[in-house]
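Asker: To be precise about what I am sending: the file is called run-v7.txt and holds compact mmCIF, C-alpha atoms (C1' of nucleotides).
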# COMPACT_ATOMS: atom_id res chain seq x y z
CA MET A 1 -5.20 32.46 24.73
CA THR A 2 -5.73 32.47 21.00
CA ALA A 3 -6.77 29.30 19.29
CA VAL A 4 -4.08 27.28 17.58
CA VAL A 5 -4.86 27.61 13.89
CA THR A 6 -2.23 25.23 12.53
CA PRO A 7 -2.04 22.32 14.99
CA ILE A 8 -1.50 19.61 12.38
CA LEU A 9 2.10 18.68 11.59
CA HIS A 10 3.17 16.44 8.77
CA VAL A 11 6.71 15.24 9.31
CA ASP A 12 8.51 13.62 6.41
CA MET A 13 12.06 12.29 6.51
CA ASP A 14 14.30 13.60 3.73
CA ALA A 15 15.42 10.83 1.34
CA PHE A 16 14.87 8.46 4.24
CA TYR A 17 16.42 5.19 3.03
CA ALA A 18 19.37 6.94 1.46
CA SER A 19 19.93 9.06 4.56
CA VAL A 20 19.85 6.07 6.92
CA ALA A 21 22.05 4.03 4.62
CA THR A 22 24.75 6.73 4.55
CA ARG A 23 24.55 8.34 7.98
CA ASP A 24 27.42 6.23 9.33
CA ARG A 25 29.42 6.54 6.14
CA PRO A 26 30.68 10.12 5.96
CA GLU A 27 32.61 9.32 2.79
CA LEU A 28 29.22 9.03 1.03
CA ARG A 29 27.79 12.19 2.56
CA ASP A 30 28.18 14.30 -0.55
CA GLN A 31 27.89 11.52 -3.11
CA PRO A 32 24.96 10.62 -5.33
CA VAL A 33 23.52 7.55 -3.61
CA ILE A 34 20.79 5.21 -4.80
CA VAL A 35 19.10 2.64 -2.59
CA GLY A 36 17.59 -0.31 -4.40
CA GLY A 37 17.28 -0.67 -8.15
CA GLY A 38 19.15 -3.96 -8.47
CA HIS A 39 18.34 -6.62 -11.06
CA ARG A 40 14.80 -5.90 -12.34
CA GLY A 41 14.29 -3.51 -9.43
CA VAL A 42 13.34 0.12 -9.02
CA VAL A 43 14.97 2.94 -7.05
CA LEU A 44 13.63 3.00 -3.50
CA SER A 45 15.37 6.20 -2.49
CA ALA A 46 17.87 8.61 -3.96
CA SER A 47 20.05 11.17 -2.21
CA TYR A 48 19.57 14.77 -3.23
CA GLN A 49 22.90 14.60 -5.05
CA ALA A 50 21.47 11.77 -7.16
CA ARG A 51 18.20 13.63 -7.67
CA ALA A 52 20.17 16.46 -9.21
CA PHE A 53 20.81 14.05 -12.11
CA GLY A 54 17.10 13.32 -12.49
CA VAL A 55 17.06 10.11 -10.47
CA ARG A 56 13.71 9.55 -8.73
CA SER A 57 12.30 6.84 -6.53
CA GLY A 58 10.19 4.36 -8.43
CA MET A 59 12.43 4.67 -11.45
CA PRO A 60 13.87 1.48 -12.99
CA GLY A 61 17.40 0.91 -11.74
CA ALA A 62 18.76 0.69 -15.28
CA GLN A 63 17.38 4.11 -16.13
CA ALA A 64 18.81 5.58 -12.94
CA ARG A 65 22.27 4.26 -13.76
CA ARG A 66 22.06 5.74 -17.22
CA LEU A 67 21.23 9.12 -15.71
CA CYS A 68 23.87 8.92 -13.01
CA PRO A 69 26.46 6.21 -13.67
CA GLN A 70 28.73 7.46 -10.92
CA ALA A 71 26.07 6.95 -8.23
CA VAL A 72 26.84 4.61 -5.37
CA THR A 73 24.15 1.90 -5.28
CA LEU A 74 23.27 0.35 -1.94
CA ALA A 75 21.00 -2.57 -1.08
CA PRO A 76 18.13 -1.68 1.26
CA ASP A 77 18.45 -2.71 4.91
CA PHE A 78 14.87 -2.73 6.12
CA ASP A 79 15.85 -3.78 9.61
CA ALA A 80 17.84 -0.58 9.95
CA PHE A 81 15.06 1.51 8.39
CA SER A 82 12.51 0.03 10.81
CA THR A 83 14.73 0.63 13.82
CA VAL A 84 15.27 4.29 12.94
CA SER A 85 11.59 4.67 12.08
CA ARG A 86 10.43 3.33 15.44
CA ALA A 87 12.82 5.62 17.28
CA VAL A 88 11.59 8.64 15.32
CA MET A 89 7.96 7.79 16.04
CA GLU A 90 8.80 7.48 19.74
CA THR A 91 10.29 10.95 19.62
CA PHE A 92 7.02 12.20 18.18
CA ARG A 93 5.03 10.51 20.94
CA ARG A 94 6.99 12.38 23.56
CA VAL A 95 5.34 15.51 22.16
CA THR A 96 1.80 14.23 21.63
CA PRO A 97 -0.01 10.91 21.81
CA LEU A 98 -1.82 11.88 18.61
CA VAL A 99 0.71 10.43 16.19
CA GLU A 100 -0.59 8.83 13.02
CA VAL A 101 2.16 6.85 11.37
CA ALA A 102 1.60 6.94 7.62
CA SER A 103 4.62 4.92 6.57
CA LEU A 104 8.16 4.16 7.72
CA ASP A 105 9.23 7.72 7.05
CA GLU A 106 6.26 10.00 7.67
CA ALA A 107 3.64 10.79 10.26
CA PHE A 108 0.90 13.25 11.10
CA LEU A 109 0.89 14.87 14.53
CA ASP A 110 -1.84 16.88 16.18
CA VAL A 111 0.03 19.15 18.59
CA GLY A 112 -2.99 21.23 19.61
CA GLY A 113 -2.78 19.84 23.12
CA ALA A 114 0.94 20.45 23.48
CA VAL A 115 1.23 24.17 22.84
CA ARG A 116 0.80 25.18 26.49
CA ARG A 117 3.66 22.93 27.39
CA LEU A 118 5.97 23.36 24.41
CA GLY A 119 5.06 26.58 22.66
CA PRO A 120 3.51 27.31 19.27
CA PRO A 121 3.47 24.64 16.55
CA GLU A 122 6.40 26.21 14.72
CA ALA A 123 8.52 25.94 17.86
CA ILE A 124 7.46 22.33 18.32
CA ALA A 125 8.37 21.58 14.72
CA GLU A 126 11.86 22.98 15.23
CA GLN A 127 12.31 21.04 18.47
CA LEU A 128 11.38 17.83 16.69
CA ARG A 129 13.69 18.52 13.78
CA ALA A 130 16.58 19.23 16.12
CA ARG A 131 15.93 16.11 18.16
CA ILE A 132 15.71 13.84 15.16
CA HIS A 133 18.88 15.30 13.76
CA ASP A 134 20.71 14.86 17.06
CA GLU A 135 19.39 11.40 17.90
CA GLN A 136 19.23 9.81 14.45
CA GLY A 137 21.62 11.85 12.34
CA ILE A 138 19.08 12.48 9.60
CA THR A 139 17.02 15.47 8.52
CA CYS A 140 13.30 15.87 8.03
CA SER A 141 10.86 18.45 6.77
CA VAL A 142 7.68 19.61 8.46
CA GLY A 143 4.47 21.07 7.10
CA LEU A 144 2.05 22.87 9.43
CA ALA A 145 -1.59 23.58 8.68
CA ALA A 146 -5.13 23.34 9.98
CA THR A 147 -5.78 20.15 8.04
CA ARG A 148 -3.90 16.98 7.22
CA SER A 149 -3.95 17.38 3.47
CA VAL A 150 -2.63 20.92 3.55
CA ALA A 151 0.04 19.95 6.09
CA LYS A 152 1.12 17.15 3.79
CA LEU A 153 1.37 19.52 0.89
CA ALA A 154 3.34 21.98 2.98
CA SER A 155 5.94 19.43 4.04
CA ARG A 156 6.60 18.50 0.45
CA ARG A 157 7.17 22.13 -0.43
CA ALA A 158 9.40 22.57 2.61
CA LYS A 159 11.86 19.92 1.45
CA PRO A 160 14.63 19.36 2.06
CA ASP A 161 15.38 20.11 5.70
CA GLY A 162 12.77 22.85 6.05
CA VAL A 163 9.54 23.99 7.66
CA LEU A 164 6.52 25.57 6.01
CA THR A 165 3.31 26.83 7.60
CA ILE A 166 0.20 27.32 5.51
CA ALA A 167 -2.36 29.17 7.64
CA PRO A 168 -6.06 28.86 6.80
CA ASP A 169 -6.18 32.34 5.27
CA GLN A 170 -3.27 31.40 2.98
CA VAL A 171 -4.75 28.17 1.69
CA VAL A 172 -6.38 29.63 -1.41
CA GLU A 173 -3.39 31.65 -2.53
CA GLN A 174 -0.95 28.81 -1.79
CA LEU A 175 -2.99 25.88 -3.10
CA HIS A 176 -4.90 27.15 -6.07
CA PRO A 177 -1.96 27.93 -8.38
CA LEU A 178 -0.56 24.40 -7.92
CA ASP A 179 -0.87 21.65 -10.49
CA VAL A 180 -3.70 19.24 -9.55
CA GLY A 181 -1.13 16.44 -9.50
CA GLU A 182 0.26 17.94 -6.29
CA LEU A 183 -2.85 16.90 -4.39
CA TYR A 184 -2.66 13.75 -2.33
CA GLY A 185 -4.59 11.06 -4.14
CA VAL A 186 -4.25 12.59 -7.58
CA GLY A 187 -1.90 10.36 -9.55
CA GLU A 188 -1.06 10.33 -13.23
CA SER A 189 -4.34 8.77 -14.26
CA THR A 190 -6.62 11.19 -12.43
CA ARG A 191 -4.41 14.07 -13.49
CA SER A 192 -4.87 13.15 -17.15
CA ALA A 193 -8.62 12.80 -16.70
CA LEU A 194 -8.76 16.24 -15.10
CA ARG A 195 -6.62 17.80 -17.80
CA ALA A 196 -8.96 16.34 -20.39
CA LEU A 197 -11.70 18.32 -18.66
CA GLY A 198 -9.58 21.44 -18.91
CA LEU A 199 -8.69 21.38 -15.21
CA HIS A 200 -4.99 22.01 -14.71
CA THR A 201 -4.64 23.69 -11.36
CA VAL A 202 -6.08 23.10 -7.91
CA GLY A 203 -8.01 26.34 -8.38
CA ASP A 204 -9.59 25.00 -11.57
CA VAL A 205 -10.92 22.06 -9.59
CA ALA A 206 -12.12 24.25 -6.73
CA ARG A 207 -14.20 26.34 -9.12
CA MET A 208 -15.84 23.29 -10.72
CA PRO A 209 -19.40 22.38 -9.69
CA LEU A 210 -19.21 19.38 -7.36
CA GLU A 211 -21.72 17.38 -9.41
CA VAL A 212 -19.61 17.64 -12.54
CA LEU A 213 -16.55 16.44 -10.67
CA GLN A 214 -18.46 13.52 -9.21
CA HIS A 215 -19.90 12.61 -12.58
CA HIS A 216 -16.41 12.14 -13.97
CA LEU A 217 -14.59 10.71 -10.96
CA GLY A 218 -17.30 8.90 -9.03
CA ARG A 219 -19.21 10.06 -5.99
CA ALA A 220 -16.68 9.46 -3.25
CA SER A 221 -13.59 10.44 -5.21
CA GLY A 222 -15.20 13.59 -6.56
CA ALA A 223 -16.27 14.77 -3.13
CA HIS A 224 -12.88 13.92 -1.68
CA LEU A 225 -11.03 15.77 -4.40
CA MET A 226 -13.19 18.85 -3.91
CA ASP A 227 -12.38 18.80 -0.19
CA LEU A 228 -8.70 18.64 -0.98
CA ALA A 229 -8.90 21.48 -3.49
CA LEU A 230 -10.75 23.70 -1.01
CA GLY A 231 -8.54 22.68 1.90
CA THR A 232 -11.64 21.67 3.82
CA ASP A 233 -10.78 18.05 4.46
CA ARG A 234 -11.78 17.56 8.09
CA SER A 235 -10.37 14.08 8.73
CA GLU A 236 -8.67 13.98 12.10
CA VAL A 237 -5.30 12.69 13.17
CA VAL A 238 -5.79 9.36 14.91
CA ALA A 239 -3.13 7.67 16.98
CA ARG A 240 -2.10 4.59 15.07
CA ASN A 241 0.67 2.71 13.39
CA ALA A 242 0.84 2.26 9.67
CA ALA A 243 -0.75 -0.80 8.12
CA GLY A 244 1.80 -3.43 7.37
CA PHE A 245 4.00 -2.44 10.27
CA GLY A 246 2.28 -4.54 12.91
CA LEU A 247 1.63 -3.61 16.52
CA GLY A 248 -2.04 -4.33 16.84
CA GLU A 249 -3.23 -2.59 13.74
CA PRO A 250 -6.28 -4.08 12.07
CA ASP A 251 -4.54 -5.32 8.94
CA ARG A 252 -7.08 -6.00 6.21
CA SER A 253 -4.84 -8.14 4.08
CA MET A 254 -1.40 -9.67 3.97
CA GLY A 255 0.43 -10.69 0.87
CA ALA A 256 3.74 -11.42 -0.75
CA GLN A 257 4.85 -11.20 -4.33
CA GLU A 258 8.11 -11.61 -6.12
CA THR A 259 9.46 -10.78 -9.51
CA PHE A 260 11.40 -13.72 -10.91
CA GLY A 261 15.06 -13.36 -11.75
CA ARG A 262 13.98 -14.17 -15.30
CA ASP A 263 10.61 -14.76 -16.92
CA SER A 264 9.33 -18.30 -16.69
CA ALA A 265 6.72 -20.44 -18.44
CA ASP A 266 7.49 -23.48 -16.29
CA ARG A 267 4.44 -24.57 -14.26
CA GLY A 268 6.56 -26.46 -11.76
CA PHE A 269 8.66 -23.38 -11.10
CA VAL A 270 5.60 -21.17 -10.74
CA LEU A 271 4.02 -23.62 -8.31
CA ARG A 272 7.15 -23.64 -6.15
CA GLN A 273 7.02 -19.86 -6.01
CA LEU A 274 3.35 -19.95 -5.04
CA LEU A 275 4.18 -22.36 -2.22
CA ARG A 276 7.05 -20.20 -0.96
CA LEU A 277 4.86 -17.11 -1.02
CA ALA A 278 1.89 -18.87 0.61
CA ALA A 279 4.19 -20.14 3.34
CA ARG A 280 5.60 -16.67 3.91
CA VAL A 281 2.19 -15.02 4.07
CA CYS A 282 0.67 -17.67 6.35
CA ARG A 283 3.63 -17.53 8.71
CA ARG A 284 3.15 -13.78 9.04
CA MET A 285 -0.56 -14.27 9.59
CA ARG A 286 -0.01 -16.83 12.33
CA GLY A 287 2.52 -14.53 13.93
CA ALA A 288 -0.06 -11.76 13.94
CA GLY A 289 -2.87 -14.06 15.10
CA LYS A 290 -4.86 -13.48 11.91
CA VAL A 291 -6.95 -15.73 9.69
CA GLY A 292 -8.56 -14.82 6.39
CA ARG A 293 -11.16 -16.21 4.00
CA THR A 294 -10.25 -14.76 0.63
CA VAL A 295 -7.18 -15.97 -1.21
CA ALA A 296 -5.99 -13.86 -4.11
CA ILE A 297 -3.19 -14.32 -6.59
CA THR A 298 -1.48 -11.81 -8.81
CA VAL A 299 0.02 -12.88 -12.12
CA ARG A 300 2.17 -10.54 -14.17
CA TYR A 301 3.04 -11.59 -17.70
CA ALA A 302 6.33 -10.88 -19.42
CA ASP A 303 4.61 -7.99 -21.23
CA PHE A 304 3.65 -6.51 -17.81
CA ARG A 305 -0.04 -7.25 -18.19
CA THR A 306 -1.22 -7.97 -14.65
CA LEU A 307 -4.20 -10.00 -13.50
CA ASN A 308 -5.73 -10.67 -10.12
CA ARG A 309 -7.91 -13.64 -9.27
CA SER A 310 -9.49 -14.41 -5.93
CA ARG A 311 -11.60 -17.04 -4.27
CA THR A 312 -13.39 -16.92 -0.95
CA LEU A 313 -13.23 -20.00 1.25
CA PRO A 314 -16.09 -21.24 3.44
CA GLU A 315 -13.99 -20.56 6.51
CA PRO A 316 -11.01 -18.35 7.33
CA THR A 317 -7.63 -20.02 7.44
CA ASP A 318 -3.95 -19.50 8.17
CA VAL A 319 -2.93 -22.93 6.92
CA THR A 320 -0.19 -22.78 4.30
CA GLN A 321 -1.40 -25.82 2.38
CA GLU A 322 -4.93 -24.50 2.15
CA VAL A 323 -3.83 -21.12 0.85
CA TYR A 324 -1.38 -22.82 -1.51
CA ARG A 325 -4.03 -25.20 -2.90
CA THR A 326 -6.39 -22.30 -3.53
CA ALA A 327 -3.63 -20.29 -5.18
CA VAL A 328 -2.82 -23.20 -7.49
CA ALA A 329 -6.50 -23.62 -8.40
CA LEU A 330 -6.68 -19.93 -9.29
CA TYR A 331 -3.48 -20.13 -11.30
CA ASP A 332 -4.63 -23.24 -13.18
CA ALA A 333 -8.00 -21.64 -13.91
CA LEU A 334 -6.15 -18.84 -15.71
CA GLY A 335 -4.83 -21.29 -18.27
CA ALA A 336 -1.56 -19.38 -18.37
CA HIS A 337 0.72 -22.40 -18.32
CA ARG A 338 2.26 -21.63 -21.66
CA ASP A 339 2.73 -17.91 -21.00
CA ARG A 340 5.94 -16.42 -19.75
CA LEU A 341 5.42 -14.80 -16.37
CA ARG A 342 7.63 -12.27 -14.59
CA LEU A 343 5.88 -12.23 -11.22
CA VAL A 344 3.38 -14.06 -9.08
CA GLY A 345 1.91 -13.00 -5.76
CA VAL A 346 -0.25 -14.51 -3.05
CA ARG A 347 -2.47 -12.44 -0.78
CA VAL A 348 -5.01 -13.29 1.90
CA GLU A 349 -7.78 -10.75 2.39
CA GLY A 350 -10.61 -10.19 4.80
CA LEU A 351 -8.38 -10.80 7.81
CA VAL A 352 -9.91 -11.21 11.24
CA SER A 353 -8.44 -12.08 14.57
CA ARG A 354 -8.06 -15.82 15.01
CA ALA A 355 -9.20 -15.49 18.62
CA GLY A 356 -12.62 -14.37 17.43
CA VAL A 357 -13.17 -17.29 15.07
CA HIS A 358 -14.79 -20.49 16.22
CA HIS A 359 -13.42 -23.23 14.02
CA GLN A 360 -15.97 -25.76 12.79
CA LEU A 361 -14.31 -29.07 13.48
CA GLU A 362 -15.03 -31.66 10.90
CA LEU A 363 -14.59 -35.38 11.26
CA GLY A 364 -11.37 -36.63 9.74
CA GLU A 365 -10.45 -33.12 8.75
CA PRO A 366 -7.61 -33.29 6.25
CA ASP A 367 -6.12 -29.91 7.12
CA HIS A 368 -5.56 -30.76 10.73
CA GLY A 369 -2.20 -32.33 9.98
CA TRP A 370 -1.17 -29.38 7.86
CA ALA A 371 -1.92 -26.96 10.67
CA ASP A 372 0.29 -29.08 12.92
CA ALA A 373 3.02 -28.97 10.29
CA ASP A 374 2.75 -25.18 10.14
CA ARG A 375 3.18 -24.90 13.88
CA ALA A 376 6.23 -27.14 13.72
CA VAL A 377 7.76 -24.89 11.08
CA ASP A 378 6.94 -21.82 13.17
CA ARG A 379 8.68 -23.38 16.17
CA ALA A 380 11.74 -24.18 14.07
CA VAL A 381 11.88 -20.62 12.81
CA ALA A 382 11.52 -19.31 16.35
CA ARG A 383 14.34 -21.56 17.51
CA PHE A 384 16.82 -21.23 14.69
CA GLY A 385 16.05 -17.70 13.61
CA SER A 386 14.47 -16.33 10.48
CA ALA A 387 17.64 -15.47 8.59
CA VAL A 388 16.47 -17.30 5.49
CA VAL A 389 12.74 -16.70 5.82
CA GLY A 390 12.19 -13.10 6.95
CA PRO A 391 11.11 -10.66 4.25
CA ALA A 392 13.82 -8.16 5.15
CA SER A 393 16.60 -10.71 4.87
CA LEU A 394 15.19 -11.93 1.58
CA LEU A 395 15.53 -8.44 0.23
CA ARG A 396 18.96 -7.94 1.73
CA HIS A 397 20.67 -11.05 0.47
CA ASP A 398 20.04 -14.72 -0.21
CA ARG A 399 18.63 -14.05 -3.63
CA GLY A 400 20.72 -16.79 -5.10
CA THR A 401 20.90 -19.10 -2.11
CA ARG A 402 17.37 -18.93 -0.79
CA ARG A 403 16.19 -22.21 0.60
CA SER A 404 13.07 -23.57 -1.04
CA VAL A 405 10.31 -25.10 1.02
CA ALA A 406 8.80 -26.65 -2.07
CA GLY A 407 8.63 -30.41 -2.08
C1' DT B 1 19.22 -4.81 -17.58
C1' DC B 2 12.47 -1.21 -18.31
C1' DT B 3 9.04 -0.98 -15.02
C1' DG B 4 9.55 -3.69 -6.61
C1' DG B 5 6.80 -4.94 -2.89
C1' DG B 6 3.93 -3.67 0.80
C1' DG B 7 -0.51 -2.06 1.33
C1' DT B 8 -5.55 0.76 1.13
C1' DC B 9 -9.76 2.16 -0.93
C1' DC B 10 -13.33 2.63 -4.60
C1' DT B 11 -16.34 1.01 -8.38
C1' DA B 12 -19.20 -1.96 -10.90
C1' DG B 13 -21.75 -5.97 -12.13
C1' DG B 14 -23.95 -10.25 -10.99
C1' DA B 15 -25.87 -13.45 -7.58
C1' DC B 16 -28.88 -13.87 -4.07
C1' DC B 17 -32.27 -12.66 -0.62
C1' DC B 18 -36.32 -10.39 1.22
C1' DT C 1 -48.46 -12.82 -16.01
C1' DC C 2 -44.41 -7.62 -18.28
C1' DT C 3 -40.25 -7.58 -15.12
C1' DG C 4 -39.57 -3.01 -8.17
C1' DG C 5 -36.01 -1.98 -5.10
C1' DG C 6 -32.70 -2.28 -1.50
C1' DG C 7 -28.95 -4.72 0.96
C1' DT C 8 -25.04 -7.82 1.09
C1' DC C 9 -21.58 -10.80 -0.70
C1' DC C 10 -18.31 -12.02 -4.17
C1' DT C 11 -15.18 -11.09 -7.89
C1' DA C 12 -12.34 -8.27 -11.01
C1' DG C 13 -10.10 -4.27 -11.96
C1' DG C 14 -7.99 0.01 -11.18
C1' DA C 15 -5.99 4.10 -8.86
C1' DC C 16 -3.03 5.50 -5.53
C1' DC C 17 0.58 5.87 -1.80
C1' DC C 18 5.34 5.12 0.14
What's the structure tokens form of this structure?

Answerer:
Amino acid sequence: MTAVVTPILHVDMDAFYASVATRDRPELRDQPVIVGGGHRGVVLSASYQARAFGVRSGMPGAQARRLCPQAVTLAPDFDAFSTVSRAVMETFRRVTPLVEVASLDEAFLDVGGAVRRLGPPEAIAEQLRARIHDEQGITCSVGLAATRSVAKLASRRAKPDGVLTIAPDQVVEQLHPLDVGELYGVGESTRSALRALGLHTVGDVARMPLEVLQHHLGRASGAHLMDLALGTDRSEVVARNAAGFGLGEPDRSMGAQETFGRDSADRGFVLRQLLRLAARVCRRMRGAGKVGRTVAITVRYADFRTLNRSRTLPEPTDVTQEVYRTAVALYDALGAHRDRLRLVGVRVEGLVSRAGVHHQLELGEPDHGWADADRAVDRAVARFGSAVVGPASLLRHDRGTRRSVAG
DNA sequence: TCTGGGGTCCTAGGACCC
DNA sequence: TCTGGGGTCCTAGGACCC
């Protein structure tokens, strides 16, 4: 039996949010559809019909509507996206346990151990595509290669609704003519830096001495980029869920941020937002059994300048009041009370499992009561549902009617 | 109607310790 | 009496991804 040379699959749903949002609405099947992009928002997903007008995800909603005024705009339903995503990932796991979920709509699979059972990787890719189409009513594209980064590149070039294999002996001819920006991890900033060095294509980078690359990009980034350009990235596919999607993953941080409906220079308003966000983050942490020591805030000014400030506590916490107090101290230390802000965020970093932390009990500890209060709130949420507190429902509706926990 | 919200990882400088 | 050198923690910032 010959060795499997392209056992790594990268599966990427086509226009995932837009596809899920319209799959039960045949009247929208051939329409330009935009998901997201409401007031002060950006496009989360655009159907291929909308993309034909130049609409892209990440684009401000206002710009998208200028480009394609006839597009149907839908609010995101993250509960539905998550449900479809979980089902898709389960389909993958019926083929191989080596499924690395990268986000709601994409995953890497190592099918090297499944070829005896299911046939060559290309056949497996087609089986998966057929199953997902039958079971979920959406299409996906698959890239096959010997490495993750090349597989990822292949899936993008296979879109929409296609399959592309890049065998090891094709890597140079396929990769090297591409713009460096096509490489995973090369965004606009790195691309500009590389262009300033006269490096435009992947091949240009591959021919550069490693030391020169590292001098300009840093040690780790330079080495990583060279690996990508040569197609020699050896990182393996590990079975895991994506960060931020729960299920026992070692989350390193949890946070929440929100752009205001309109810019505000009102300290009282900002503090109420910080409390809401701290409460939301801490509730999620308690639900996940996590505590963290570093509290960070994000402040974005009306002119889009964005600052981060953080403070590390003596002990990890999941207590809303403690995170809130720290967030307020960080905000006050900025001296931004007179400035108009468009967004604040609260994040807790350095998360560890609460079970592994021995809490130092102090006499007359003031936070004890607050921890009790948190648990009472958690019980109320568990009993009456999270319709007004869950992140998904906040995004779906309630923007005007959201209940404030601020006192 | 300009520019979301969830994350991860890397770098660099200063403090601090041995 | 003339300033090493490495490791770790903390903080700030930035790039990037979906």

Asker: Kindly give the distance, in Å, that separates atom CA of A:Thr96 and atom CA of A:Lys159, rounded to a single decimal.

Answerer: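 These atoms are spaced 23.3 Å apart.
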
Asker: Up to 7 Å from chain C, what residues of chain A turn up? Count only C-alpha atoms (C1' of nucleotides) and give them as a PyMOL selection string.

Answerer: chain A and resi 103+185+187+310

Asker: Rounded to one decimal, what separation in Å do you get between atom CA of A:Val299 and atom CA of A:Val344?

Answerer: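 We find that atom CA of A:Val299 and atom CA of A:Val344 lie 4.7 Å from each other.
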
Asker: Quick one: distance from atom CA of A:Asp161 to atom CA of A:Pro69 in Å, one decimal?

Answerer: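 Those two atoms sit 26.3 Å apart.
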
Asker: Report, as JSON, the centre and edge lengths in Å (one decimal) of the axis-aligned box enclosing every listed atom of stretch 6-11 of chain B, padded by 4 Å on each side.

Answerer:
{"center_x": -6.2, "center_y": -0.5, "center_z": -3.5, "size_x": 28.3, "size_y": 14.3, "size_z": 17.7}

Asker: List as a PyMOL selection string the protein and nucleic acid residues near stretch 288-292 of chain A, meaning an atom at most 10 Å away when all atoms listed in the file are counted, but skip any in the same chain fewer than 3 places from it.

Answerer: chain A and resi 246-254+282-285+295+312-313+315-319+323+347-357

Asker: Pick out the closest residue to A:Phe16 from this set: A:Arg286, A:Arg157, A:Gly198, A:Ser45. Count only C-alpha atoms.

Answerer: A:Ser45

Asker: Set the distance at 8 Å and use only C-alpha atoms (C1' of nucleotides): which residues neighbour stretch 256-270 of chain A once local chain neighbours fewer than 5 positions away are removed? I'd like the list as an mmCIF file with C-alpha atoms (C1' of nucleotides), in the frame of the given file.

Answerer:
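So out15.cif came out as:
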data_model
loop_
_atom_site.group_PDB
_atom_site.id
_atom_site.type_symbol
_atom_site.label_atom_id
_atom_site.label_comp_id
_atom_site.auth_asym_id
_atom_site.auth_seq_id
_atom_site.Cartn_x
_atom_site.Cartn_y
_atom_site.Cartn_z
ATOM 1 C CA HIS A 39 18.340 -6.620 -11.060
ATOM 2 C CA ARG A 40 14.800 -5.900 -12.340
ATOM 3 C CA LEU A 277 4.860 -17.110 -1.020
ATOM 4 C CA ALA A 278 1.890 -18.870 0.610
ATOM 5 C CA ARG A 280 5.600 -16.670 3.910
ATOM 6 C CA VAL A 281 2.190 -15.020 4.070
ATOM 7 C CA THR A 298 -1.480 -11.810 -8.810
ATOM 8 C CA ALA A 302 6.330 -10.880 -19.420
ATOM 9 C CA HIS A 337 0.720 -22.400 -18.320
ATOM 10 C CA ARG A 338 2.260 -21.630 -21.660
ATOM 11 C CA ASP A 339 2.730 -17.910 -21.000
ATOM 12 C CA ARG A 340 5.940 -16.420 -19.750
ATOM 13 C CA LEU A 341 5.420 -14.800 -16.370
ATOM 14 C CA ARG A 342 7.630 -12.270 -14.590
ATOM 15 C CA LEU A 343 5.880 -12.230 -11.220
ATOM 16 C CA VAL A 344 3.380 -14.060 -9.080
ATOM 17 C CA GLY A 345 1.910 -13.000 -5.760
ATOM 18 C CA VAL A 346 -0.250 -14.510 -3.050
ATOM 19 C CA ARG A 347 -2.470 -12.440 -0.780
ATOM 20 C "C1'" DG B 4 9.550 -3.690 -6.610
ATOM 21 C "C1'" DG B 5 6.800 -4.940 -2.890
ATOM 22 C "C1'" DG B 6 3.930 -3.670 0.800
#

Asker: Determine the nearest neighbour of A:Ala373 from the options A:Asp179, A:Ala279, A:Arg156, A:Arg293, counting only C-alpha atoms.

Answerer: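 So, comparing all the options, the nearest one is A:Ala279.
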